[in-house]
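Trainee: For reference, the file query-v2.cif (mmCIF, C-alpha atoms and all ligand atoms) is included below:
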```cif
data_work
loop_
_atom_site.group_PDB
_atom_site.id
_atom_site.type_symbol
_atom_site.label_atom_id
_atom_site.label_comp_id
_atom_site.auth_asym_id
_atom_site.auth_seq_id
_atom_site.Cartn_x
_atom_site.Cartn_y
_atom_site.Cartn_z
ATOM 1 C CA MET A 1 -106.955 -107.960 -84.351
ATOM 2 C CA ILE A 2 -108.236 -107.283 -80.828
ATOM 3 C CA GLY A 3 -110.449 -104.191 -80.741
ATOM 4 C CA GLN A 4 -110.902 -103.593 -77.041
ATOM 5 C CA LEU A 5 -111.100 -104.972 -73.514
ATOM 6 C CA GLY A 6 -114.705 -106.181 -73.546
ATOM 7 C CA TYR A 7 -115.279 -107.603 -70.084
ATOM 8 C CA LEU A 8 -113.716 -109.024 -66.939
ATOM 9 C CA ALA A 9 -114.972 -111.941 -64.852
ATOM 10 C CA PHE A 10 -114.157 -112.400 -61.174
ATOM 11 C CA GLU A 11 -114.779 -115.382 -58.922
ATOM 12 C CA VAL A 12 -115.308 -114.041 -55.433
ATOM 13 C CA GLY A 13 -115.835 -115.252 -51.895
ATOM 14 C CA ASP A 14 -118.634 -112.874 -50.891
ATOM 15 C CA LEU A 15 -121.135 -111.784 -53.531
ATOM 16 C CA ALA A 16 -123.067 -109.400 -51.280
ATOM 17 C CA VAL A 17 -119.942 -107.516 -50.219
ATOM 18 C CA TRP A 18 -118.855 -107.302 -53.841
ATOM 19 C CA GLU A 19 -122.179 -105.935 -54.990
ATOM 20 C CA SER A 20 -122.212 -103.142 -52.441
ATOM 21 C CA PHE A 21 -118.553 -102.363 -53.228
ATOM 22 C CA ALA A 22 -119.085 -102.311 -57.013
ATOM 23 C CA THR A 23 -122.178 -100.139 -56.856
ATOM 24 C CA GLY A 24 -121.445 -98.013 -53.776
ATOM 25 C CA VAL A 25 -117.707 -97.385 -54.222
ATOM 26 C CA LEU A 26 -116.948 -97.905 -57.915
ATOM 27 C CA GLY A 27 -120.239 -96.416 -59.132
ATOM 28 C CA LEU A 28 -121.121 -99.324 -61.444
ATOM 29 C CA GLU A 29 -124.672 -100.543 -62.001
ATOM 30 C CA VAL A 30 -126.011 -104.088 -61.630
ATOM 31 C CA ALA A 31 -127.088 -105.315 -65.062
ATOM 32 C CA ARG A 32 -128.388 -108.813 -64.232
ATOM 33 C CA ARG A 33 -128.556 -111.137 -61.240
ATOM 34 C CA TRP A 34 -128.754 -114.922 -61.274
ATOM 35 C CA ALA A 35 -128.234 -117.709 -58.761
ATOM 36 C CA GLY A 36 -124.555 -117.432 -57.839
ATOM 37 C CA GLY A 37 -123.668 -114.182 -59.503
ATOM 38 C CA PHE A 38 -124.406 -110.836 -61.074
ATOM 39 C CA SER A 39 -123.102 -108.660 -63.880
ATOM 40 C CA LEU A 40 -122.331 -104.961 -63.965
ATOM 41 C CA ARG A 41 -122.450 -102.240 -66.567
ATOM 42 C CA MET A 42 -120.604 -98.948 -66.938
ATOM 43 C CA ASP A 43 -121.400 -97.679 -70.454
ATOM 44 C CA GLY A 44 -123.365 -98.592 -73.556
ATOM 45 C CA HIS A 45 -122.463 -102.292 -73.278
ATOM 46 C CA ALA A 46 -125.081 -104.455 -71.600
ATOM 47 C CA GLN A 47 -122.430 -106.070 -69.369
ATOM 48 C CA ARG A 48 -118.797 -105.238 -68.551
ATOM 49 C CA PHE A 49 -118.127 -107.250 -65.379
ATOM 50 C CA PHE A 50 -119.250 -110.716 -64.290
ATOM 51 C CA VAL A 51 -118.998 -111.490 -60.576
ATOM 52 C CA THR A 52 -119.704 -115.067 -59.528
ATOM 53 C CA SER A 53 -119.258 -117.034 -56.327
ATOM 54 C CA GLY A 54 -116.294 -119.397 -56.355
ATOM 55 C CA THR A 55 -116.762 -122.772 -57.993
ATOM 56 C CA PRO A 56 -115.951 -125.859 -55.848
ATOM 57 C CA GLY A 57 -112.256 -126.645 -56.057
ATOM 58 C CA ALA A 58 -111.308 -123.267 -57.502
ATOM 59 C CA VAL A 59 -109.465 -120.642 -55.514
ATOM 60 C CA PRO A 60 -111.909 -117.741 -55.145
ATOM 61 C CA ASP A 61 -111.218 -114.028 -55.132
ATOM 62 C CA ASP A 62 -109.367 -113.729 -58.386
ATOM 63 C CA LEU A 63 -109.796 -113.035 -62.066
ATOM 64 C CA SER A 64 -111.604 -115.935 -63.747
ATOM 65 C CA ALA A 65 -111.660 -114.668 -67.354
ATOM 66 C CA VAL A 66 -110.699 -111.713 -69.525
ATOM 67 C CA GLY A 67 -112.923 -110.964 -72.508
ATOM 68 C CA TRP A 68 -111.255 -109.347 -75.508
ATOM 69 C CA GLN A 69 -113.542 -108.048 -78.210
ATOM 70 C CA VAL A 70 -112.954 -108.298 -81.957
ATOM 71 C CA ALA A 71 -114.903 -106.496 -84.673
ATOM 72 C CA ASP A 72 -116.772 -109.350 -86.321
ATOM 73 C CA GLU A 73 -116.871 -113.037 -87.186
ATOM 74 C CA ALA A 74 -114.110 -112.741 -89.801
ATOM 75 C CA ALA A 75 -111.795 -111.185 -87.184
ATOM 76 C CA LEU A 76 -112.660 -113.985 -84.751
ATOM 77 C CA GLU A 77 -111.903 -116.646 -87.378
ATOM 78 C CA ALA A 78 -108.614 -114.936 -88.230
ATOM 79 C CA VAL A 79 -107.418 -114.737 -84.640
ATOM 80 C CA ALA A 80 -108.502 -118.333 -83.949
ATOM 81 C CA ALA A 81 -106.562 -119.540 -86.997
ATOM 82 C CA ARG A 82 -103.473 -117.614 -85.939
ATOM 83 C CA LEU A 83 -103.610 -119.007 -82.396
ATOM 84 C CA ARG A 84 -104.163 -122.574 -83.620
ATOM 85 C CA GLY A 85 -101.324 -122.149 -86.101
ATOM 86 C CA ALA A 86 -99.045 -121.295 -83.176
ATOM 87 C CA GLY A 87 -100.083 -124.483 -81.389
ATOM 88 C CA HIS A 88 -102.624 -123.078 -78.928
ATOM 89 C CA ASP A 89 -105.586 -125.146 -77.828
ATOM 90 C CA VAL A 90 -108.444 -122.843 -78.881
ATOM 91 C CA VAL A 91 -111.868 -123.984 -77.713
ATOM 92 C CA GLU A 92 -115.167 -122.883 -79.256
ATOM 93 C CA GLY A 93 -117.427 -121.443 -76.552
ATOM 94 C CA THR A 94 -120.804 -123.104 -76.110
ATOM 95 C CA ALA A 95 -124.059 -121.373 -76.970
ATOM 96 C CA GLU A 96 -124.730 -121.138 -73.215
ATOM 97 C CA GLU A 97 -121.383 -119.421 -72.608
ATOM 98 C CA ALA A 98 -122.034 -116.929 -75.412
ATOM 99 C CA ALA A 99 -125.551 -116.277 -74.111
ATOM 100 C CA ALA A 100 -124.263 -115.654 -70.585
ATOM 101 C CA ARG A 101 -121.743 -113.100 -71.889
ATOM 102 C CA GLN A 102 -124.393 -111.689 -74.256
ATOM 103 C CA VAL A 103 -122.072 -111.977 -77.252
ATOM 104 C CA VAL A 104 -122.732 -113.571 -80.632
ATOM 105 C CA ARG A 105 -119.850 -116.026 -80.414
ATOM 106 C CA LEU A 106 -116.736 -116.601 -78.327
ATOM 107 C CA ILE A 107 -113.632 -118.757 -78.270
ATOM 108 C CA HIS A 108 -111.384 -119.325 -75.284
ATOM 109 C CA LEU A 109 -107.894 -120.465 -74.363
ATOM 110 C CA ARG A 110 -105.249 -119.919 -71.662
ATOM 111 C CA ASP A 111 -102.548 -117.284 -71.934
ATOM 112 C CA PRO A 112 -98.925 -118.114 -70.925
ATOM 113 C CA GLY A 113 -99.683 -117.107 -67.319
ATOM 114 C CA GLY A 114 -102.647 -119.498 -67.148
ATOM 115 C CA ILE A 115 -105.322 -116.798 -67.413
ATOM 116 C CA ARG A 116 -108.512 -117.775 -69.222
ATOM 117 C CA VAL A 117 -108.731 -115.532 -72.291
ATOM 118 C CA GLU A 118 -112.049 -115.267 -74.090
ATOM 119 C CA ILE A 119 -112.250 -113.626 -77.512
ATOM 120 C CA ALA A 120 -115.709 -112.582 -78.615
ATOM 121 C CA PHE A 121 -117.639 -110.401 -81.009
ATOM 122 C CA GLY A 122 -121.068 -108.815 -81.054
ATOM 123 C CA PRO A 123 -121.675 -107.746 -77.440
ATOM 124 C CA ALA A 124 -125.240 -106.724 -76.594
ATOM 125 C CA ARG A 125 -125.930 -103.069 -75.935
ATOM 126 C CA GLY A 126 -127.700 -101.936 -72.779
ATOM 127 C CA GLU A 127 -131.411 -101.297 -73.212
ATOM 128 C CA ALA A 128 -131.209 -97.857 -71.600
ATOM 129 C CA PRO A 129 -128.336 -95.365 -71.642
ATOM 130 C CA PHE A 130 -125.974 -95.825 -68.687
ATOM 131 C CA THR A 131 -125.966 -93.171 -66.008
ATOM 132 C CA SER A 132 -124.343 -93.346 -62.593
ATOM 133 C CA SER A 133 -125.529 -91.215 -59.720
ATOM 134 C CA LEU A 134 -122.019 -91.588 -58.254
ATOM 135 C CA ALA A 135 -119.600 -91.346 -61.215
ATOM 136 C CA ARG A 136 -121.586 -88.472 -62.620
ATOM 137 C CA SER A 137 -119.224 -87.517 -65.453
ATOM 138 C CA GLY A 138 -119.409 -91.087 -66.752
ATOM 139 C CA PHE A 139 -116.711 -93.617 -67.541
ATOM 140 C CA VAL A 140 -114.239 -93.452 -70.411
ATOM 141 C CA ALA A 141 -115.204 -96.771 -71.986
ATOM 142 C CA ASP A 142 -117.347 -97.621 -75.049
ATOM 143 C CA GLU A 143 -114.983 -97.789 -78.066
ATOM 144 C CA HIS A 144 -111.922 -97.577 -75.761
ATOM 145 C CA GLY A 145 -112.913 -100.697 -73.830
ATOM 146 C CA LEU A 146 -113.740 -100.968 -70.142
ATOM 147 C CA GLY A 147 -110.344 -99.782 -68.939
ATOM 148 C CA HIS A 148 -107.120 -101.696 -68.491
ATOM 149 C CA LEU A 149 -105.722 -104.522 -66.438
ATOM 150 C CA VAL A 150 -102.324 -105.608 -65.118
ATOM 151 C CA ILE A 151 -101.933 -109.374 -65.092
ATOM 152 C CA ASN A 152 -99.730 -112.069 -63.668
ATOM 153 C CA ALA A 153 -96.927 -112.975 -66.089
ATOM 154 C CA PRO A 154 -94.449 -115.471 -64.602
ATOM 155 C CA ASP A 155 -92.700 -115.545 -67.982
ATOM 156 C CA PRO A 156 -92.903 -111.948 -69.281
ATOM 157 C CA ALA A 157 -91.252 -112.820 -72.612
ATOM 158 C CA ALA A 158 -93.863 -115.510 -73.313
ATOM 159 C CA THR A 159 -96.713 -113.213 -72.271
ATOM 160 C CA GLY A 160 -95.343 -110.410 -74.448
ATOM 161 C CA ALA A 161 -95.027 -112.705 -77.466
ATOM 162 C CA PHE A 162 -98.548 -114.091 -76.965
ATOM 163 C CA TYR A 163 -100.261 -110.708 -76.823
ATOM 164 C CA GLN A 164 -98.086 -108.854 -79.334
ATOM 165 C CA GLU A 165 -97.335 -111.476 -81.971
ATOM 166 C CA LEU A 166 -100.564 -113.497 -81.833
ATOM 167 C CA LEU A 167 -103.219 -111.029 -80.678
ATOM 168 C CA GLY A 168 -101.773 -107.920 -82.316
ATOM 169 C CA PHE A 169 -101.192 -105.680 -79.298
ATOM 170 C CA ARG A 170 -98.658 -102.874 -79.850
ATOM 171 C CA LEU A 171 -95.975 -101.772 -77.408
ATOM 172 C CA SER A 172 -96.778 -98.453 -75.721
ATOM 173 C CA ASP A 173 -93.751 -98.240 -73.430
ATOM 174 C CA ARG A 174 -92.082 -99.757 -70.397
ATOM 175 C CA ILE A 175 -91.426 -98.488 -66.892
ATOM 176 C CA VAL A 176 -88.193 -99.753 -65.351
ATOM 177 C CA CYS A 177 -87.325 -98.402 -61.904
ATOM 178 C CA GLN A 178 -87.347 -98.966 -58.161
ATOM 179 C CA PHE A 179 -90.498 -98.140 -56.190
ATOM 180 C CA TYR A 180 -89.998 -98.013 -52.429
ATOM 181 C CA GLY A 181 -87.214 -100.554 -52.729
ATOM 182 C CA TYR A 182 -89.056 -102.914 -55.085
ATOM 183 C CA PRO A 183 -87.768 -103.458 -58.618
ATOM 184 C CA VAL A 184 -90.372 -102.536 -61.236
ATOM 185 C CA ASP A 185 -90.280 -103.596 -64.898
ATOM 186 C CA ILE A 186 -93.699 -103.238 -66.498
ATOM 187 C CA THR A 187 -94.588 -103.539 -70.178
ATOM 188 C CA PHE A 188 -97.627 -101.575 -71.416
ATOM 189 C CA LEU A 189 -99.541 -102.632 -74.534
ATOM 190 C CA HIS A 190 -102.347 -100.959 -76.475
ATOM 191 C CA THR A 191 -104.931 -102.309 -78.845
ATOM 192 C CA ASN A 192 -106.834 -99.095 -79.583
ATOM 193 C CA ALA A 193 -106.243 -95.417 -78.825
ATOM 194 C CA ARG A 194 -106.249 -95.935 -75.049
ATOM 195 C CA HIS A 195 -102.617 -95.743 -73.914
ATOM 196 C CA HIS A 196 -102.758 -99.301 -72.606
ATOM 197 C CA SER A 197 -105.425 -101.931 -72.256
ATOM 198 C CA LEU A 198 -103.008 -104.503 -70.835
ATOM 199 C CA ALA A 199 -99.803 -104.438 -68.818
ATOM 200 C CA PHE A 200 -97.654 -107.037 -67.074
ATOM 201 C CA GLY A 201 -94.585 -106.985 -64.913
ATOM 202 C CA GLY A 202 -93.762 -110.529 -63.881
ATOM 203 C CA GLN A 203 -95.056 -112.815 -61.165
ATOM 204 C CA GLN A 204 -98.018 -111.581 -59.102
ATOM 205 C CA GLU A 205 -99.744 -113.130 -56.093
ATOM 206 C CA LYS A 206 -103.028 -113.301 -57.990
ATOM 207 C CA ARG A 207 -103.814 -113.501 -61.712
ATOM 208 C CA LEU A 208 -104.866 -109.867 -61.532
ATOM 209 C CA HIS A 209 -102.842 -107.064 -59.949
ATOM 210 C CA HIS A 210 -105.419 -104.377 -60.728
ATOM 211 C CA PHE A 211 -107.990 -103.156 -63.196
ATOM 212 C CA LEU A 212 -108.561 -99.512 -64.068
ATOM 213 C CA LEU A 213 -111.756 -97.527 -64.325
ATOM 214 C CA GLU A 214 -111.378 -94.094 -65.907
ATOM 215 C CA VAL A 215 -113.899 -91.314 -65.313
ATOM 216 C CA LYS A 216 -114.381 -88.140 -67.318
ATOM 217 C CA SER A 217 -113.684 -85.662 -64.515
ATOM 218 C CA LEU A 218 -111.009 -85.294 -61.855
ATOM 219 C CA ASP A 219 -113.727 -84.501 -59.312
ATOM 220 C CA ASP A 220 -115.160 -87.968 -59.854
ATOM 221 C CA VAL A 221 -111.773 -89.462 -58.873
ATOM 222 C CA GLY A 222 -111.855 -87.426 -55.654
ATOM 223 C CA ALA A 223 -115.449 -88.447 -54.997
ATOM 224 C CA ALA A 224 -114.518 -92.125 -55.500
ATOM 225 C CA LEU A 225 -111.628 -91.729 -53.048
ATOM 226 C CA ASP A 226 -114.070 -90.243 -50.537
ATOM 227 C CA ARG A 227 -116.441 -93.171 -51.023
ATOM 228 C CA ALA A 228 -113.586 -95.676 -50.629
ATOM 229 C CA VAL A 229 -112.391 -94.021 -47.413
ATOM 230 C CA GLY A 230 -115.970 -93.768 -46.150
ATOM 231 C CA ALA A 231 -116.580 -97.465 -46.820
ATOM 232 C CA GLY A 232 -113.394 -98.516 -45.019
ATOM 233 C CA VAL A 233 -111.724 -99.714 -48.215
ATOM 234 C CA ARG A 234 -107.967 -100.154 -47.784
ATOM 235 C CA ILE A 235 -106.081 -97.627 -49.911
ATOM 236 C CA ALA A 236 -102.960 -98.980 -51.623
ATOM 237 C CA GLN A 237 -101.632 -95.767 -53.184
ATOM 238 C CA MET A 238 -102.875 -92.221 -52.790
ATOM 239 C CA ILE A 239 -103.443 -89.841 -55.702
ATOM 240 C CA GLY A 240 -100.615 -89.584 -58.197
ATOM 241 C CA ARG A 241 -99.900 -89.228 -61.896
ATOM 242 C CA HIS A 242 -98.175 -91.785 -64.105
ATOM 243 C CA PRO A 243 -95.555 -90.490 -66.546
ATOM 244 C CA ASN A 244 -96.555 -92.737 -69.448
ATOM 245 C CA ASP A 245 -100.349 -92.670 -69.705
ATOM 246 C CA ARG A 246 -100.580 -89.383 -67.760
ATOM 247 C CA MET A 247 -103.418 -90.867 -65.646
ATOM 248 C CA VAL A 248 -104.178 -89.097 -62.384
ATOM 249 C CA SER A 249 -105.358 -91.918 -60.150
ATOM 250 C CA PHE A 250 -105.407 -93.702 -56.832
ATOM 251 C CA TYR A 251 -105.247 -97.436 -56.043
ATOM 252 C CA ALA A 252 -107.225 -99.372 -53.465
ATOM 253 C CA PHE A 253 -108.123 -102.963 -52.671
ATOM 254 C CA THR A 254 -111.261 -104.730 -53.857
ATOM 255 C CA PRO A 255 -112.973 -107.130 -51.421
ATOM 256 C CA SER A 256 -111.063 -109.914 -53.234
ATOM 257 C CA GLY A 257 -107.602 -108.580 -52.399
ATOM 258 C CA PHE A 258 -106.583 -107.527 -55.885
ATOM 259 C CA GLN A 259 -106.600 -103.812 -56.531
ATOM 260 C CA PHE A 260 -108.509 -101.312 -58.616
ATOM 261 C CA GLU A 261 -107.163 -98.043 -60.008
ATOM 262 C CA TYR A 262 -109.565 -95.127 -60.396
ATOM 263 C CA GLY A 263 -108.345 -92.384 -62.664
ATOM 264 C CA TRP A 264 -108.883 -89.466 -64.980
ATOM 265 C CA GLY A 265 -106.965 -87.867 -67.827
ATOM 266 C CA GLY A 266 -105.406 -90.889 -69.545
ATOM 267 C CA ARG A 267 -103.762 -90.042 -72.838
ATOM 268 C CA LEU A 268 -104.581 -91.510 -76.219
ATOM 269 C CA VAL A 269 -101.959 -92.825 -78.621
ATOM 270 C CA ASP A 270 -101.796 -92.562 -82.390
ATOM 271 C CA ASP A 271 -99.954 -95.500 -83.951
ATOM 272 C CA ALA A 272 -98.898 -93.330 -86.902
ATOM 273 C CA THR A 273 -96.672 -91.197 -84.690
ATOM 274 C CA TRP A 274 -96.223 -93.143 -81.438
ATOM 275 C CA GLU A 275 -92.637 -93.998 -80.405
ATOM 276 C CA PRO A 276 -92.343 -96.498 -77.531
ATOM 277 C CA THR A 277 -90.026 -95.318 -74.770
ATOM 278 C CA VAL A 278 -88.732 -96.526 -71.402
ATOM 279 C CA HIS A 279 -89.656 -94.441 -68.351
ATOM 280 C CA ASP A 280 -87.441 -94.469 -65.271
ATOM 281 C CA ARG A 281 -90.139 -93.837 -62.670
ATOM 282 C CA ILE A 282 -93.602 -95.187 -62.055
ATOM 283 C CA SER A 283 -95.150 -91.874 -61.086
ATOM 284 C CA GLU A 284 -94.662 -88.303 -62.179
ATOM 285 C CA TRP A 285 -95.723 -87.401 -58.647
ATOM 286 C CA GLY A 286 -97.686 -89.020 -55.833
ATOM 287 C CA HIS A 287 -99.013 -92.599 -55.645
ATOM 288 C CA HIS A 288 -97.424 -92.946 -52.206
ATOM 289 C CA PRO A 289 -98.720 -95.776 -50.017
ATOM 290 C CA PRO A 290 -100.691 -94.245 -47.107
ATOM 291 C CA GLU A 291 -98.361 -95.849 -44.555
ATOM 292 C CA ARG A 292 -95.508 -93.713 -45.954
ATOM 293 C CA TYR A 293 -97.161 -90.523 -44.769
ATOM 294 C CA ALA A 294 -95.772 -89.229 -41.458
ATOM 295 C CA PRO A 295 -98.003 -90.203 -38.551
ATOM 296 C CA ARG A 296 -99.845 -87.413 -36.783
ATOM 297 C CA ARG A 297 -97.736 -86.120 -33.894
ATOM 298 C CA PRO A 298 -99.212 -86.765 -30.444
ATOM 299 C CA LYS A 299 -100.419 -83.608 -28.725
ATOM 300 C CA PRO A 300 -97.799 -82.286 -26.264
ATOM 301 C CA PRO A 301 -98.826 -82.615 -22.609
ATOM 302 C CA LYS A 302 -100.289 -79.456 -21.130
ATOM 303 C CA PRO A 303 -97.943 -77.571 -18.771
ATOM 304 C CA GLU A 304 -98.785 -78.042 -15.125
ATOM 305 C CA GLY A 305 -101.121 -75.487 -13.633
ATOM 306 C CA THR A 306 -103.040 -74.883 -16.869
ATOM 307 C CA THR A 307 -106.496 -76.084 -17.629
HETATM 308 FE FE FE A 401 -103.106 -99.123 -64.028
#
```
Produce structure tokens that represent the structure in this file.

Mentor:
Amino acid sequence: MIGQLGYLAFEVGDLAVWESFATGVLGLEVARRWAGGFSLRMDGHAQRFFVTSGTPGAVPDDLSAVGWQVADEAALEAVAARLRGAGHDVVEGTAEEAAARQVVRLIHLRDPGGIRVEIAFGPARGEAPFTSSLARSGFVADEHGLGHLVINAPDPAATGAFYQELLGFRLSDRIVCQFYGYPVDITFLHTNARHHSLAFGGQQEKRLHHFLLEVKSLDDVGAALDRAVGAGVRIAQMIGRHPNDRMVSFYAFTPSGFQFEYGWGGRLVDDATWEPTVHDRISEWGHHPPERYAPRRPKPPKPEGTT
């Protein structure tokens, strides 16, 4: 069914701030610009992210669409038939929509949380190989998809059924625990060898909690953290390692208020041998919010008579 996470689209309040953040902090490259938006690339695909200014009446600074990629036209027809058979209102994308995404054909519908889901095949390849002067090791993407995302799911059972039963995602595992007093119950799903391309854990403030970018070296995670700190980006969670996908990562806020995760070392899963489990903690170590670190102690006053 679904082959990979093909692209993400965001509707944002400030395009210029987003462009400098995406290129200067994340290490992505602008692929195209047009009136009211731009796209970004990170690997062999011509475009992986679409960033547009908010449309009138829409609430900006959130996810506007998720693009899932299937292998070919037959796979697209099959998934459309399955969705329609389950009563979903599947809409054929226009030629203009397909051209903007640089795919051969796309369909779209809403998932149970109201997120616009696009399913497409035949994405264009970039004309030149992708290189980033910032993320020098390169991104783990291409056949694994652009990364992963954690979405709003007010009805987790409905979201799970939609993605697993209709779109063919497989359960990787769950994490059920408390994190700094907050109950956590997250379901992780995969659609290729990447440990998870999609996860959800209930109601979120925005449609998107975070998206992940994975680089091929740990040093590139550290360098990204340096760039985020240098740019004044608010850090949400410092470096840590998750027990399920084994990703060493940090979390910080995008200019739109949802988060990004920047990581290295994510594991791959083999469906032939994979056994879904339930983990009882969200991190093997680390991932502490910066405000949990002890504040620096004030310097003691100098004794009288000293200089
Ligand atoms: Fe993540």

Trainee: Evaluate the PyMOL selection byres (((not hetatm)) within 12 of (chain A and resi 401)) and record the selected residues as a PyMOL selection string, following the chain and residue labels used in the document.

Mentor: chain A and resi 147-151+186-189+194-201+208-214+237+240-252+259-264+266+282-283+287

Trainee: Taking (-85.3, -97.2, -72.0) in the coordinates of the supplied file, I want to know which residues reach to within 8 Å of it, counting all atoms listed in the file; could you give the answer as a list in words?

Mentor: Arg174, Val176, Thr277, Val278, His279 and Asp280 of chain A

Trainee: Selected by the PyMOL selection byres (((chain A and resi 45) around 8) and not hetatm) in the shown coordinates: which residues, as a ChimeraX atom specification?

Mentor: /A:41-44,46-48,123-126,142

Trainee: Between A:Leu166, A:Val30, A:Leu171, A:Phe258, single out the one closest to Ala80 of chain A, counting only C-alpha atoms.

Mentor: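 Nearest candidate to Ala80 of chain A out of A:Leu166, A:Val30, A:Leu171, A:Phe258: A:Leu166.
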
Trainee: Report as a list in words the full result of the PyMOL selection byres (((chain A and resi 204) around 8) and not hetatm) when it is applied to this structure.

Mentor: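 Checking the PyMOL selection byres (((chain A and resi 204) around 8) and not hetatm) against this file, the residues are Ile151, Asn152, Ala153, Pro154, Gly202, Gln203, Glu205, Lys206, Arg207, Leu208 and His209 of chain A.
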
Trainee: Counting all atoms listed in the file, which residue out of A:Gly85, A:Gly36, A:Phe253, A:Pro289 sits closest to Ala231 of chain A?

Mentor: A:Phe253

Trainee: Of the candidates A:Ser172, A:Glu165, A:Gly257, A:Leu134, which shows the shortest atom-to-atom distance to Asp219 of chain A, using all atoms listed in the file?

Mentor: A:Leu134

Trainee: Near Asp271 of chain A, counting only C-alpha atoms, which residues have an atom at most 12 Å away, once you skip same-chain residues fewer than 2 positions from it, shown as a list in words?

Mentor: Phe169, Arg170, Leu171, Ser172, Leu189, His190, Thr191, Asn192, Ala193, Arg194, His195, Leu268, Val269, Thr273, Trp274, Glu275 and Pro276 of chain A

Trainee: Compare A:Gly181, A:Arg296, A:Ser53, A:Ile107 by their minimum atom-to-atom distance to Gly93 of chain A, counting only C-alpha atoms, and give me the closest one.

Mentor: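 The answer is A:Ile107, which sits nearest to Gly93 of chain A.
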
Trainee: Here is a test: counting all atoms listed in the file, which residue of A:Leu28, A:Ala86, A:Leu106, A:Val215 is nearest to Val140 of chain A?

Mentor: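 Distance minimum relative to Val140 of chain A lands on A:Val215.
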
Trainee: So, with only C-alpha atoms as the atoms that count, which of A:Ala272, A:Ile2, A:Val70, A:Val233 lies closest to Ser20 of chain A?

Mentor: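 Once distances to Ser20 of chain A are computed over only C-alpha atoms, the minimum belongs to A:Val233.
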